[in-house]
>>> print(open('data_26.txt').read())   # compact mmCIF, C-alpha atoms
# COMPACT_ATOMS: atom_id res chain seq x y z
CA MET M 28 -126.21 -26.90 -22.56
CA MET M 29 -123.49 -24.27 -22.89
CA ILE M 30 -122.09 -23.46 -26.32
CA ASP M 31 -118.45 -22.36 -26.47
CA ASN M 32 -118.38 -19.27 -28.70
CA LYS M 33 -114.82 -18.29 -27.82
CA LYS M 34 -112.66 -17.04 -30.68
CA GLU M 35 -109.03 -18.03 -30.91
CA LEU M 36 -107.77 -14.45 -31.05
CA PRO M 37 -109.10 -10.93 -30.59
CA GLU M 38 -110.21 -9.26 -33.80
CA ILE M 39 -107.87 -6.35 -34.52
CA THR M 40 -108.89 -4.01 -37.32
CA ALA M 41 -105.99 -1.53 -37.10
CA CYS M 42 -102.40 -1.54 -35.87
CA TYR M 43 -100.79 1.49 -34.26
CA GLY M 44 -97.15 1.05 -35.19
CA THR M 45 -93.97 2.98 -34.48
CA LEU M 46 -92.60 3.57 -37.98
CA PRO M 47 -94.07 7.08 -38.57
CA SER M 48 -92.44 8.28 -35.36
CA MET M 49 -89.09 6.71 -36.22
CA LEU M 50 -89.11 8.27 -39.69
CA ARG M 51 -89.59 11.69 -38.10
CA LYS M 52 -86.74 10.97 -35.71
CA PHE M 53 -84.54 9.84 -38.59
CA ASP M 54 -85.20 13.13 -40.40
CA ARG M 55 -84.41 15.06 -37.22
CA TYR M 56 -81.33 13.24 -35.95
CA ALA M 57 -79.71 11.25 -38.78
CA ARG M 58 -76.54 11.94 -40.80
CA ARG M 59 -75.20 14.77 -38.68
CA ASP M 60 -71.59 14.10 -39.76
CA PHE M 61 -72.01 14.31 -43.55
CA PHE M 62 -69.19 16.07 -45.41
CA ALA M 63 -69.91 19.81 -45.38
CA GLY M 64 -66.54 21.11 -46.59
CA GLU M 65 -65.54 22.41 -49.99
CA THR M 66 -61.92 21.52 -50.63
CA ARG M 67 -59.90 18.36 -51.10
CA GLU M 68 -58.02 19.13 -47.90
CA ASP M 69 -61.32 19.43 -46.01
CA PHE M 70 -62.41 16.09 -47.43
CA VAL M 71 -59.19 14.25 -46.51
CA GLN M 72 -59.51 15.45 -42.91
CA TRP M 73 -63.17 14.40 -42.84
CA GLN M 74 -62.24 10.96 -44.20
CA LYS M 75 -59.73 10.41 -41.42
CA ALA M 76 -62.21 11.46 -38.74
CA MET M 77 -65.01 9.31 -40.16
CA ARG M 78 -62.78 6.24 -40.39
CA ARG M 79 -62.00 6.64 -36.70
CA LEU M 80 -65.70 7.03 -35.94
CA LEU M 81 -66.72 4.01 -38.02
CA HIS M 82 -63.96 1.90 -36.47
CA GLU M 83 -65.41 2.74 -33.05
CA LEU M 84 -69.06 2.16 -34.01
CA LEU M 85 -68.20 -1.27 -35.44
CA GLY M 86 -66.49 -2.25 -32.20
CA LEU M 87 -63.21 -3.08 -33.95
CA ASP M 88 -61.18 -1.93 -30.96
CA LYS M 89 -62.68 -4.87 -29.03
CA MET M 90 -61.65 -7.53 -31.55
CA GLU M 91 -58.70 -9.74 -30.57
CA ASN M 92 -55.66 -10.29 -32.77
CA CYS M 93 -53.89 -13.65 -32.93
CA PRO M 94 -51.70 -15.77 -35.22
CA LEU M 95 -53.55 -16.87 -38.35
CA HIS M 96 -52.34 -20.49 -38.24
CA PRO M 97 -53.53 -21.20 -41.82
CA MET M 98 -54.33 -24.83 -42.58
CA ILE M 99 -55.05 -26.17 -46.07
CA ASP M 100 -56.98 -29.44 -45.71
CA ASP M 101 -58.28 -30.18 -49.21
CA VAL M 102 -57.30 -29.40 -52.81
CA VAL M 103 -59.44 -30.04 -55.90
CA LEU M 104 -58.57 -29.36 -59.54
CA LEU M 105 -61.59 -27.88 -61.34
CA PRO M 106 -62.33 -27.80 -65.08
CA GLY M 107 -60.13 -25.23 -66.80
CA GLY M 108 -57.28 -25.96 -64.41
CA ILE M 109 -58.57 -23.82 -61.53
CA ARG M 110 -57.12 -25.06 -58.22
CA ARG M 111 -59.64 -24.98 -55.36
CA GLU M 112 -58.16 -25.03 -51.89
CA HIS M 113 -60.22 -25.45 -48.74
CA LEU M 114 -58.44 -23.80 -45.84
CA ASN M 115 -59.00 -22.36 -42.40
CA ILE M 116 -57.51 -19.28 -40.76
CA GLN M 117 -57.82 -18.12 -37.16
CA VAL M 118 -59.33 -14.63 -37.09
CA GLU M 119 -59.55 -14.32 -33.30
CA PRO M 120 -58.46 -16.71 -30.55
CA GLU M 121 -60.67 -19.81 -30.95
CA VAL M 122 -62.56 -18.21 -33.88
CA TRP M 123 -61.87 -19.78 -37.27
CA MET M 124 -62.84 -18.74 -40.80
CA PRO M 125 -63.04 -21.55 -43.39
CA MET M 126 -62.78 -20.47 -47.01
CA TYR M 127 -62.19 -21.62 -50.55
CA LEU M 128 -59.36 -20.19 -52.60
CA LEU M 129 -59.85 -20.43 -56.35
CA ILE M 130 -56.48 -20.12 -58.07
CA PRO M 131 -56.38 -20.00 -61.89
CA VAL M 132 -53.65 -21.55 -64.00
CA GLY M 133 -50.60 -19.30 -64.17
CA ALA M 134 -51.49 -17.17 -61.14
CA GLY M 135 -48.40 -15.49 -59.77
CA ALA M 136 -46.91 -12.35 -58.30
CA ASP M 137 -48.73 -10.10 -60.78
CA THR M 138 -52.16 -11.68 -60.23
CA ARG M 139 -54.86 -9.58 -58.54
CA PRO M 140 -56.57 -11.36 -55.62
CA PHE M 141 -60.25 -10.69 -54.93
CA LEU M 142 -61.99 -11.19 -51.60
CA CYS M 143 -65.50 -12.47 -52.36
CA PRO M 144 -67.65 -12.29 -49.20
CA PRO M 145 -71.03 -14.01 -49.52
CA GLY M 146 -74.45 -12.58 -48.83
CA HIS M 147 -77.51 -14.36 -47.45
CA ASN M 148 -79.58 -17.30 -48.73
CA GLY M 149 -76.68 -19.23 -50.17
CA ALA M 150 -75.03 -21.28 -47.41
CA GLY M 151 -71.99 -19.01 -47.35
CA LYS M 152 -68.94 -19.75 -49.47
CA TYR M 153 -70.46 -22.66 -51.37
CA THR M 154 -72.51 -20.50 -53.74
CA VAL M 155 -69.82 -17.89 -54.26
CA ALA M 156 -67.24 -20.57 -55.10
CA GLY M 157 -69.70 -22.25 -57.49
CA LEU M 158 -70.25 -25.69 -55.92
CA ARG M 159 -73.10 -26.72 -58.19
CA GLU M 160 -72.85 -30.37 -57.18
CA TYR M 161 -75.25 -29.56 -54.32
CA THR M 162 -78.85 -29.05 -55.47
CA ALA M 163 -79.84 -26.39 -52.94
CA VAL M 164 -76.65 -24.45 -53.64
CA GLU M 165 -77.12 -24.69 -57.41
CA ASP M 166 -80.65 -23.32 -57.10
CA LYS M 167 -79.33 -20.19 -55.37
CA ILE M 168 -76.49 -19.82 -57.87
CA ILE M 169 -79.06 -19.79 -60.67
CA HIS M 170 -81.44 -17.46 -58.83
CA TYR M 171 -78.89 -14.80 -57.85
CA GLN M 172 -76.09 -15.52 -60.37
CA TYR M 173 -74.29 -16.10 -57.11
CA ASP M 174 -71.00 -17.76 -58.16
CA TYR M 175 -69.05 -14.52 -58.59
CA GLY M 176 -65.93 -16.02 -57.02
CA LEU M 177 -65.79 -18.68 -59.70
CA GLN M 178 -66.58 -16.04 -62.35
CA LEU M 179 -63.56 -14.03 -61.21
CA ALA M 180 -61.30 -17.08 -61.22
CA LYS M 181 -62.36 -17.78 -64.81
CA LEU M 182 -61.31 -14.22 -65.66
CA GLY M 183 -57.84 -14.97 -64.29
CA PHE M 184 -58.06 -13.58 -60.75
CA VAL M 185 -57.44 -15.37 -57.46
CA ALA M 186 -60.78 -15.54 -55.63
CA VAL M 187 -60.94 -15.80 -51.84
CA CYS M 188 -64.40 -17.11 -50.91
CA PRO M 189 -64.84 -17.13 -47.11
CA ASP M 190 -67.64 -18.22 -44.83
CA CYS M 191 -68.73 -15.16 -42.90
CA ARG M 192 -69.77 -15.67 -39.30
CA GLY M 193 -73.07 -17.49 -38.94
CA PHE M 194 -73.02 -19.13 -42.39
CA GLY M 195 -71.78 -22.40 -43.87
CA GLU M 196 -69.20 -24.00 -41.62
CA ARG M 197 -69.53 -21.11 -39.18
CA ARG M 198 -73.05 -21.83 -37.94
CA GLU M 199 -73.55 -21.88 -34.19
CA ASP M 200 -75.27 -25.29 -34.22
CA LEU M 201 -74.18 -28.22 -36.38
CA ALA M 202 -77.80 -29.39 -36.74
CA ASP M 203 -78.62 -26.22 -38.70
CA THR M 204 -76.25 -27.29 -41.49
CA GLN M 205 -78.20 -30.47 -42.18
CA ASP M 206 -81.69 -29.21 -43.02
CA PRO M 207 -81.76 -27.59 -46.51
CA ALA M 208 -83.91 -24.62 -45.53
CA LYS M 209 -81.92 -23.85 -42.38
CA ALA M 210 -78.57 -24.51 -44.06
CA LEU M 211 -79.17 -21.69 -46.54
CA SER M 212 -79.94 -19.17 -43.82
CA GLY M 213 -77.66 -17.81 -41.13
CA ASP M 214 -77.21 -16.90 -37.48
CA CYS M 215 -76.98 -13.11 -37.70
CA TYR M 216 -79.70 -12.56 -35.09
CA ARG M 217 -77.84 -14.79 -32.62
CA LEU M 218 -74.55 -13.01 -33.30
CA ALA M 219 -76.29 -9.65 -32.82
CA HIS M 220 -77.63 -10.79 -29.46
CA MET M 221 -74.13 -11.87 -28.42
CA GLY M 222 -72.26 -8.83 -29.68
CA GLU M 223 -74.37 -5.70 -29.59
CA PRO M 224 -74.69 -5.51 -25.79
CA LEU M 225 -70.87 -5.52 -25.75
CA GLY M 226 -70.68 -2.83 -28.42
CA ILE M 227 -69.75 -5.25 -31.22
CA PRO M 228 -72.35 -5.35 -34.02
CA VAL M 229 -72.35 -8.17 -36.54
CA ALA M 230 -71.05 -5.83 -39.25
CA GLY M 231 -67.98 -5.22 -37.10
CA MET M 232 -67.31 -8.94 -36.69
CA LEU M 233 -67.56 -9.49 -40.44
CA THR M 234 -65.34 -6.51 -41.25
CA TRP M 235 -62.67 -7.73 -38.83
CA ASP M 236 -62.67 -11.19 -40.37
CA LEU M 237 -62.15 -9.80 -43.87
CA MET M 238 -59.28 -7.69 -42.56
CA ARG M 239 -57.72 -10.93 -41.31
CA ALA M 240 -58.22 -12.44 -44.78
CA VAL M 241 -56.24 -9.48 -46.14
CA ASP M 242 -53.57 -10.24 -43.52
CA TYR M 243 -53.49 -13.81 -44.83
CA LEU M 244 -52.93 -12.68 -48.41
CA PHE M 245 -49.96 -10.58 -47.26
CA GLU M 246 -48.63 -13.44 -45.15
CA ARG M 247 -48.92 -15.92 -48.01
CA GLY M 248 -47.35 -13.45 -50.41
CA GLU M 249 -47.95 -15.36 -53.65
CA TRP M 250 -50.04 -12.76 -55.47
CA ASP M 251 -50.11 -8.99 -55.95
CA CYS M 252 -50.87 -7.58 -52.52
CA ASN M 253 -50.74 -4.04 -53.92
CA ALA M 254 -53.85 -4.90 -55.92
CA ILE M 255 -56.06 -6.66 -53.34
CA SER M 256 -59.69 -6.17 -54.33
CA CYS M 257 -63.11 -7.00 -52.92
CA LEU M 258 -66.37 -7.92 -54.66
CA GLY M 259 -69.57 -8.72 -52.81
CA PHE M 260 -73.29 -8.99 -53.54
CA SER M 261 -76.09 -8.14 -51.09
CA GLY M 262 -74.80 -8.93 -47.59
CA GLY M 263 -71.44 -9.46 -49.28
CA GLY M 264 -71.83 -5.92 -50.63
CA MET M 265 -72.32 -4.67 -47.09
CA GLN M 266 -69.10 -6.39 -46.05
CA THR M 267 -67.28 -4.96 -49.07
CA LEU M 268 -68.53 -1.47 -48.20
CA MET M 269 -67.35 -1.57 -44.60
CA LEU M 270 -64.02 -3.27 -45.31
CA SER M 271 -63.13 -0.96 -48.19
CA ALA M 272 -64.12 2.17 -46.25
CA LEU M 273 -61.76 1.26 -43.40
CA ASP M 274 -58.92 -0.76 -44.92
CA GLU M 275 -56.89 1.08 -47.54
CA ARG M 276 -55.08 -2.13 -48.43
CA VAL M 277 -58.18 -2.89 -50.51
CA ARG M 278 -57.33 -1.21 -53.81
CA LEU M 279 -60.52 -1.83 -55.81
CA SER M 280 -64.10 -2.50 -54.70
CA VAL M 281 -67.27 -3.83 -56.34
CA ILE M 282 -70.47 -3.35 -54.31
CA SER M 283 -73.51 -5.06 -55.82
CA GLY M 284 -77.03 -5.00 -54.42
CA TYR M 285 -76.06 -2.96 -51.37
CA LEU M 286 -75.85 0.79 -51.82
CA TYR M 287 -79.10 2.30 -50.60
CA GLY M 288 -80.18 5.11 -48.33
CA TYR M 289 -80.74 3.82 -44.81
CA ARG M 290 -84.12 5.56 -44.39
CA ASP M 291 -85.82 3.68 -47.22
CA ALA M 292 -83.90 0.40 -47.24
CA LEU M 293 -83.34 -0.37 -43.55
CA LEU M 294 -85.71 1.80 -41.52
CA THR M 295 -88.83 1.61 -43.67
CA LEU M 296 -87.91 -2.03 -44.44
CA SER M 297 -87.08 -2.70 -40.80
CA ASN M 298 -87.48 -6.48 -41.06
CA ASN M 299 -84.12 -6.85 -42.83
CA CYS M 300 -81.36 -8.97 -41.29
CA SER M 301 -79.76 -8.00 -37.98
CA CYS M 302 -76.30 -7.75 -39.58
CA ASN M 303 -77.37 -4.52 -41.30
CA TYR M 304 -77.98 -2.62 -38.08
CA VAL M 305 -75.16 -0.82 -36.27
CA PRO M 306 -76.13 1.09 -33.11
CA HIS M 307 -75.80 4.88 -33.51
CA LEU M 308 -74.56 4.64 -37.12
CA TRP M 309 -77.52 6.41 -38.69
CA GLU M 310 -77.05 9.38 -36.38
CA HIS M 311 -73.74 10.05 -38.12
CA LEU M 312 -73.61 8.71 -41.68
CA ASP M 313 -75.60 7.32 -44.59
CA MET M 314 -74.30 4.63 -46.95
CA GLY M 315 -73.10 7.15 -49.51
CA ASP M 316 -71.01 8.84 -46.83
CA ILE M 317 -69.44 5.52 -45.85
CA ALA M 318 -68.69 4.66 -49.48
CA SER M 319 -67.06 8.10 -49.85
CA LEU M 320 -64.32 6.85 -47.53
CA ILE M 321 -63.21 4.59 -50.40
CA ALA M 322 -62.32 7.56 -52.65
CA PRO M 323 -60.21 7.81 -54.76
CA ARG M 324 -59.70 4.05 -55.05
CA PRO M 325 -61.60 2.44 -57.97
CA LEU M 326 -65.22 1.62 -57.10
CA LEU M 327 -67.98 -0.07 -59.08
CA VAL M 328 -71.49 0.18 -57.64
CA GLN M 329 -74.09 -2.12 -59.18
CA SER M 330 -77.84 -1.61 -58.63
CA CYS M 331 -80.90 -3.39 -59.99
CA ARG M 332 -83.89 -1.29 -60.95
CA GLU M 333 -86.51 -3.68 -59.50
CA ASP M 334 -84.55 -4.59 -56.37
CA ARG M 335 -87.08 -4.58 -53.52
CA LEU M 336 -84.33 -3.43 -51.15
CA ASN M 337 -84.31 -0.08 -52.91
CA GLY M 338 -87.36 0.65 -50.79
CA PRO M 339 -90.63 2.39 -51.62
CA ARG M 340 -89.09 5.04 -53.90
CA GLY M 341 -87.24 2.51 -56.03
CA ILE M 342 -83.93 3.07 -57.79
CA VAL M 343 -83.86 6.77 -56.90
CA ASN M 344 -82.82 5.68 -53.39
CA ALA M 345 -79.62 4.16 -54.75
CA VAL M 346 -78.98 7.01 -57.19
CA GLU M 347 -79.11 9.56 -54.36
CA GLN M 348 -76.39 7.72 -52.47
CA VAL M 349 -74.18 7.44 -55.53
CA LYS M 350 -74.45 11.21 -56.00
CA ILE M 351 -72.95 11.63 -52.53
CA ILE M 352 -70.05 9.39 -53.55
CA GLN M 353 -69.59 11.25 -56.84
CA LYS M 354 -68.91 14.48 -54.96
CA ALA M 355 -66.11 12.74 -53.06
CA TYR M 356 -64.50 11.39 -56.23
CA GLN M 357 -64.73 14.82 -57.87
CA LEU M 358 -62.96 16.44 -54.92
CA MET M 359 -60.27 13.76 -55.03
CA GLY M 360 -59.72 14.35 -58.76
CA ALA M 361 -60.80 10.85 -59.78
CA PRO M 362 -64.38 10.96 -61.12
CA GLU M 363 -63.54 8.30 -63.72
CA LEU M 364 -62.74 5.77 -60.98
CA LEU M 365 -66.37 5.59 -59.82
CA LEU M 366 -68.81 3.63 -61.99
CA HIS M 367 -72.51 3.08 -61.34
CA GLU M 368 -74.12 0.26 -63.31
CA ILE M 369 -77.93 0.08 -63.21
CA CYS M 370 -79.21 -3.33 -64.33
CA GLU M 371 -82.75 -4.37 -65.10
CA GLY M 372 -84.48 -6.91 -62.91
CA PRO M 373 -84.67 -7.84 -59.20
CA HIS M 374 -82.06 -8.28 -56.46
CA GLN M 375 -79.28 -10.13 -58.27
CA TRP M 376 -75.57 -10.04 -59.13
CA HIS M 377 -74.73 -9.24 -62.77
CA GLY M 378 -71.31 -10.21 -64.07
CA GLU M 379 -71.98 -9.81 -67.78
CA LYS M 380 -69.98 -6.57 -68.07
CA LEU M 381 -67.51 -7.17 -65.26
CA GLY M 382 -64.49 -7.54 -67.55
CA GLU M 383 -65.43 -4.36 -69.40
CA HIS M 384 -65.80 -2.40 -66.15
CA LEU M 385 -62.51 -3.66 -64.76
CA LYS M 386 -60.71 -2.57 -67.93
CA ARG M 387 -62.04 0.95 -67.31
CA LEU M 388 -61.03 0.99 -63.66
CA ILE M 389 -57.64 -0.73 -63.70
CA LYS M 390 -54.82 -1.54 -66.07
CA TRP M 391 -55.99 -5.06 -66.83
CA LYS M 392 -56.35 -7.07 -69.96
CA ASN M 393 -58.26 -10.33 -70.03
CA GLU M 394 -55.86 -12.64 -71.82
>>> encode(input="data_26.txt", output="structure tokens")
Amino acid sequence: MMIDNKKELPEITACYGTLPSMLRKFDRYARRDFFAGETREDFVQWQKAMRRLLHELLGLDKMENCPLHPMIDDVVLLPGGIRREHLNIQVEPEVWMPMYLLIPVGAGADTRPFLCPPGHNGAGKYTVAGLREYTAVEDKIIHYQYDYGLQLAKLGFVAVCPDCRGFGERREDLADTQDPAKALSGDCYRLAHMGEPLGIPVAGMLTWDLMRAVDYLFERGEWDCNAISCLGFSGGGMQTLMLSALDERVRLSVISGYLYGYRDALLTLSNNCSCNYVPHLWEHLDMGDIASLIAPRPLLVQSCREDRLNGPRGIVNAVEQVKIIQKAYQLMGAPELLLHEICEGPHQWHGEKLGEHLKRLIKWKNE
């Protein structure tokens, strides 16, 4: 009688991975276009050149313009008199971006509008706009303090809370919106597979869409378009970073949970989402360099000390990038317009001091 002693899998006692080699290559080839000048004039010229480069790397020259055709299809009055509109705008031919607009009582021509792009693990705009009537959404709002769009509306700002591509109403398959676990995730890997071989990374798609949201604010013309702002957490912070670096119509930016050095946060932690990865970007710039393109417009960077995305060296990874940005703001004569808030705890948005920070960065009084 034969006894089957086959094992299900080979026994592997060591893995011979690629990371050590890629770290050496990063150190050899990365960030070759950092700012090496000394004067304000040098910096302004570098900014212009790096915006052109980033525009190209994000594939924005391949995006297609079209009429916005805005359509408001639902209006709800929330406690406190906040008007919540559900609307859709066309960002490219046949590509639509649903979003919530949260409009506080008394909003008018002097009201600052905030774009509030969502990050991951929250079903898109639903968490940011504070739809706690859904259990899975409420859980994520509690976990990440994720309803920053609603928080801004309560402070008196207009909050634009869009679905970014691959999330919420912008999933590729309707079935993925109906299972709670799948509904809270996104389709970034699918978008990356569609776009990157054509030279259009996911980050470029998301940046383009937010630019179209800015177009919509100008087209609608109800609020202060000279004060358009952007606040995003995590993946929303990534979108805020790229949009603000490229689009000078954004006059104030808040980047939370997304200002790290690429080596620690996205190479060493290489299992992060596909939307973070832009072909050839690391050869030219680090995150601090990209954020320097925002100078001298007001910028609040928020980091959490125990955020796992800081990477193996912890908060020092974020601090190093902020130091790069500080040099830019010094050269532009506006060091007071850059704030770095370090909060205790894990990866999470913190709005406790938002009003205080905004008073330091802009002429604003919370009535």
>>> residues_around(input="data_26.txt", residues="stretch 235-239 of chain M", least_positions_apart="6", cutoff="7 Å", atoms="only C-alpha atoms", output="VMD selection string")
chain M and resid 87 118 270
>>> closest_residue(input="data_26.txt", among="M:Trp309, M:Ser283, M:Asp316, M:Asn344", to="M:Arg55", atoms="all atoms listed in the file")
M:Trp309
>>> axis_aligned_box(input="data_26.txt", around="stretch 370-387 of chain M", padding_each_side="4 Å", output="JSON")
{"center_x": -72.7, "center_y": -4.6, "center_z": -62.9, "size_x": 32.0, "size_y": 19.2, "size_z": 20.9}
>>> residues_around(input="data_26.txt", residues="M:Leu258", least_positions_apart="2", cutoff="9 Å", atoms="only C-alpha atoms", output="PyMOL selection string")
chain M and resi 141-144+175-176+256+260+263-264+267+279-283
>>> residues_around(input="data_26.txt", residues="M:Leu312", least_positions_apart="6", cutoff="9 Å", atoms="all atoms listed in the file", output="PyMOL selection string")
chain M and resi 57-61+77
>>> residues_around(input="data_26.txt", residues="M:Cys215", least_positions_apart="3", cutoff="9 Å", atoms="all atoms listed in the file", output="PyMOL selection string")
chain M and resi 192-194+218-220+229+300-302
